[in-house]
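The data block below is my_file.cif; it holds mmCIF, C-alpha atoms.
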data_work
loop_
_atom_site.label_atom_id
_atom_site.label_comp_id
_atom_site.auth_asym_id
_atom_site.auth_seq_id
_atom_site.Cartn_x
_atom_site.Cartn_y
_atom_site.Cartn_z
CA MET A 1 5.67 2.91 -21.12
CA ASN A 2 6.39 5.87 -23.41
CA LYS A 3 4.86 8.71 -21.40
CA PRO A 4 7.04 9.87 -18.52
CA LEU A 5 5.67 9.45 -15.00
CA TYR A 6 6.75 12.96 -14.04
CA ASN A 7 7.23 16.18 -15.94
CA GLN A 8 10.10 18.43 -14.84
CA GLU A 9 7.97 20.41 -12.36
CA GLN A 10 6.49 17.26 -10.84
CA ARG A 11 9.92 15.67 -10.52
CA ALA A 12 11.20 18.81 -8.78
CA ARG A 13 8.24 18.77 -6.37
CA ARG A 14 8.74 15.03 -5.77
CA ASP A 15 12.40 15.54 -4.96
CA ALA A 16 11.76 18.59 -2.74
CA THR A 17 8.92 17.32 -0.56
CA VAL A 18 9.47 15.60 2.78
CA TRP A 19 6.56 13.30 1.87
CA THR A 20 8.80 11.42 -0.57
CA LEU A 21 11.10 10.55 2.34
CA VAL A 22 8.12 9.65 4.54
CA GLN A 23 6.84 7.24 1.86
CA GLY A 24 10.34 5.83 1.43
CA ILE A 25 10.52 5.07 5.16
CA LEU A 26 6.97 3.81 5.66
CA ALA A 27 6.86 1.48 2.65
CA PRO A 28 9.60 -0.94 3.77
CA ILE A 29 8.36 -0.80 7.38
CA GLN A 30 4.85 -1.71 6.26
CA PHE A 31 6.27 -4.51 4.10
CA LEU A 32 8.19 -5.92 7.08
CA VAL A 33 5.12 -5.64 9.33
CA CYS A 34 3.12 -7.47 6.66
CA LEU A 35 5.66 -10.30 6.42
CA ILE A 36 5.67 -10.74 10.20
CA SER A 37 1.89 -10.66 10.33
CA LEU A 38 1.62 -13.07 7.41
CA SER A 39 3.80 -15.55 9.27
CA LEU A 40 1.63 -15.21 12.39
CA VAL A 41 -1.60 -15.62 10.41
CA LEU A 42 -0.23 -18.70 8.64
CA ARG A 43 0.99 -20.10 11.97
CA TYR A 44 -2.52 -19.78 13.37
CA LEU A 45 -4.10 -21.34 10.28
CA LEU A 46 -1.65 -24.25 10.29
CA THR A 47 -1.52 -24.96 14.03
CA GLY A 48 -4.56 -23.31 15.60
CA ASP A 49 -2.22 -21.48 17.99
CA GLY A 50 -1.62 -17.77 18.35
CA TYR A 51 -4.94 -16.28 17.27
CA ALA A 52 -4.60 -13.22 19.54
CA LEU A 53 -1.10 -12.44 18.32
CA ALA A 54 -2.11 -12.92 14.69
CA THR A 55 -5.10 -10.63 15.22
CA ILE A 56 -3.00 -7.90 16.83
CA SER A 57 -0.53 -8.14 13.96
CA VAL A 58 -3.28 -7.71 11.34
CA VAL A 59 -4.58 -4.64 13.18
CA ILE A 60 -1.07 -3.18 13.31
CA LYS A 61 -0.59 -3.91 9.60
CA THR A 62 -3.89 -2.17 8.86
CA VAL A 63 -2.84 0.91 10.85
CA PHE A 64 0.34 1.07 8.78
CA LEU A 65 -1.71 0.73 5.60
CA TYR A 66 -3.95 3.63 6.62
CA LEU A 67 -0.91 5.71 7.55
CA ILE A 68 0.89 5.09 4.26
CA MET A 69 -2.30 5.73 2.32
CA LEU A 70 -2.88 9.04 4.10
CA THR A 71 0.70 10.20 3.63
CA GLY A 72 0.64 8.90 0.05
CA CYS A 73 -2.41 11.04 -0.68
CA ILE A 74 -0.57 14.08 0.67
CA TRP A 75 2.47 13.18 -1.46
CA GLU A 76 0.29 12.82 -4.55
CA LYS A 77 -1.34 16.20 -3.87
CA VAL A 78 2.04 17.91 -3.50
CA VAL A 79 3.54 16.27 -6.60
CA PHE A 80 0.53 16.03 -8.95
CA GLY A 81 -2.04 18.42 -7.49
CA LYS A 82 -4.56 15.62 -6.73
CA TYR A 83 -5.00 13.61 -3.56
CA LEU A 84 -5.76 10.44 -5.51
CA PHE A 85 -5.99 9.11 -9.03
CA ALA A 86 -3.30 11.26 -10.62
CA GLU A 87 -2.76 10.02 -14.15
CA SER A 88 0.69 8.56 -13.48
CA PHE A 89 -0.57 6.40 -10.59
CA PHE A 90 -4.25 6.01 -11.48
CA TRP A 91 -4.39 2.19 -11.61
CA GLU A 92 -2.21 1.79 -8.55
CA ASP A 93 -4.62 4.05 -6.66
CA VAL A 94 -7.64 2.13 -7.97
CA PHE A 95 -6.13 -1.14 -6.75
CA SER A 96 -5.22 0.53 -3.45
CA MET A 97 -8.94 1.01 -2.87
CA LEU A 98 -9.39 -2.79 -3.00
CA VAL A 99 -6.50 -3.23 -0.56
CA ILE A 100 -8.05 -0.73 1.84
CA LEU A 101 -11.49 -2.28 1.45
CA LEU A 102 -10.26 -5.76 2.36
CA HIS A 103 -8.27 -4.51 5.36
CA THR A 104 -11.25 -2.43 6.52
CA LEU A 105 -13.61 -5.39 6.13
CA TYR A 106 -11.27 -7.34 8.38
CA LEU A 107 -11.55 -4.64 11.06
CA TYR A 108 -15.32 -4.45 10.60
CA PHE A 109 -15.85 -8.19 11.05
CA LEU A 110 -13.35 -8.32 13.90
CA TYR A 111 -15.34 -5.63 15.71
CA GLU A 112 -18.89 -6.56 14.70
CA GLY A 113 -18.53 -10.32 14.59
CA GLY A 114 -20.28 -12.50 12.07
CA MET A 115 -17.12 -14.25 10.90
CA SER A 116 -15.21 -17.11 12.47
CA GLN A 117 -11.62 -16.75 13.60
CA ARG A 118 -10.47 -18.82 10.61
CA GLY A 119 -12.66 -16.76 8.30
CA LEU A 120 -11.04 -13.59 9.60
CA MET A 121 -7.60 -15.03 8.98
CA TYR A 122 -8.55 -16.01 5.43
CA LEU A 123 -9.84 -12.47 4.91
CA ALA A 124 -6.49 -11.19 6.19
CA LEU A 125 -4.74 -13.43 3.65
CA ALA A 126 -6.89 -11.98 0.85
CA ALA A 127 -6.05 -8.47 2.07
CA TYR A 128 -2.36 -9.34 2.13
CA ALA A 129 -2.45 -10.88 -1.35
CA SER A 130 -4.00 -7.66 -2.68
CA TYR A 131 -1.40 -5.64 -0.78
CA PHE A 132 1.48 -7.61 -2.34
CA ILE A 133 0.04 -7.07 -5.83
CA ASN A 134 -0.35 -3.35 -5.13
CA ALA A 135 3.17 -3.11 -3.72
CA GLY A 136 4.40 -4.76 -6.90
CA GLN A 137 2.57 -2.13 -8.96
CA PHE A 138 4.32 0.67 -7.09
CA ILE A 139 7.73 -1.01 -7.26
CA TYR A 140 7.26 -1.39 -11.02
CA LYS A 141 6.44 2.33 -11.31
CA LEU A 142 9.49 3.26 -9.24
CA ARG A 143 11.62 1.19 -11.58
CA ILE A 144 10.11 2.93 -14.61
CA ALA A 145 10.72 6.34 -13.03
CA ARG A 146 14.39 5.45 -12.41
CA LEU A 147 14.85 4.20 -15.96
CA GLN A 148 13.23 7.34 -17.35
CA MET A 149 15.39 9.55 -15.14
CA ASN A 150 18.55 7.72 -16.30
CA LYS A 151 17.50 8.24 -19.91
CA GLY A 152 16.60 11.88 -19.29
CA VAL A 153 12.93 11.36 -20.31
CA THR A 154 10.66 14.26 -19.33
CA ALA A 155 7.34 15.55 -20.51
#

So, in terms of structure tokens, how does the structure I just supplied come out?
Amino acid sequence: MNKPLYNQEQRARRDATVWTLVQGILAPIQFLVCLISLSLVLRYLLTGDGYALATISVVIKTVFLYLIMLTGCIWEKVVFGKYLFAESFFWEDVFSMLVILLHTLYLYFLYEGGMSQRGLMYLALAAYASYFINAGQFIYKLRIARLQMNKGVTA
């Protein structure tokens, strides 16, 4: 990647806003919640036990996803002037929409019915797979930003 993720003004805004800290706290918490929930979902799928606990964990994971998405939009607005789809994180934001869609579909079918318990858990697994891919995208971008900062690359 040749183009820097942040110009000097954006980097200054990123470093000055509390929303960077909020994202830095929420991201690992959400990841941990996801790992715990994933283990509960897999336990249910493998043993047939613990459906209620697995369901509660998916709902909690989804709440964390909504929270990090909301605060991430605020962060993006502060740093880039857009709530979503800033050039530096465009594709990550596009993929985030899929992540949110799958998690929201889970909540919809949980509430409205029309899907078996196992079907819901498989939908949760699809949502989690998309989340892990999206998390990888953001980790990759953080790595690029650090490398660019160490090299003194700015726009």

Inset, instruction - Determine, counting all atoms listed in the file, which protein, DNA and RNA residues have an atom within 8 Å of an atom of range 100-110 of chain A; residues of the same chain fewer than 4 positions away are not included. Present the result as a count of residues only. - result: 12

Inset, instruction - Go through A:Lys141, A:Arg13, A:Arg43, A:Lys151 one by one, measure the shortest atom-to-atom distance of each to Val79 in chain A using all atoms listed in the file, and give the residue with the smallest value. - result: A:Arg13

Legend entry - Shell of 8 Å around range 20-34 of chain A, all atoms listed in the file, local chain residues under 3 positions omitted, as a ChimeraX atom specification: /A:14-15,17,37-38,57-58,60-61,64-65,68,71-72,75,128

Quick one: everything within 10 Å of range 48-50 of chain A, counting all atoms listed in the file, minus sequence neighbours fewer than 6 positions away in the same chain. Send it as a tab-separated table (two decimals) with C-alpha atoms, in the coordinates of the input.
chain	number	residue	atom	x	y	z
A	40	LEU	CA	1.63	-15.21	12.39
A	41	VAL	CA	-1.60	-15.62	10.41
A	42	LEU	CA	-0.23	-18.70	8.64
A	117	GLN	CA	-11.62	-16.75	13.60
A	118	ARG	CA	-10.47	-18.82	10.61

Inset, instruction - Have a look at CA of Val99 in chain A and CA of Tyr131 in chain A and let me know their distance in Å, one decimal. - result: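 A separation of 5.6 Å between them.
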
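Across the model, the gap from CA of Ser130 in chain A to CA of Thr47 in chain A is 24.2 Å.
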
Inset, instruction - Kindly indicate which residue among A:Glu87, A:Ser39, A:Asn150, A:Phe80 lies nearest to Glu9 in chain A, using all atoms listed in the file for the distances. - result: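 Result for the nearest residue to Glu9 in chain A: A:Phe80.
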
Inset, instruction - Using all atoms listed in the file, find the one residue out of A:Tyr51, A:Val18, A:Gln8, A:Ala86 that sits nearest to Ser116 in chain A. - result: A:Tyr51

Inset, instruction - Go through A:Leu98, A:Gly113, A:Leu35, A:Leu147 one by one, measure the shortest atom-to-atom distance of each to Ile133 in chain A using all atoms listed in the file, and give the residue with the smallest value. - result: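 Under the stated criterion, the closest residue is A:Leu98.
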
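Across the structure, CA of Pro4 in chain A and CA of Ala145 in chain A are spaced 7.5 Å apart.
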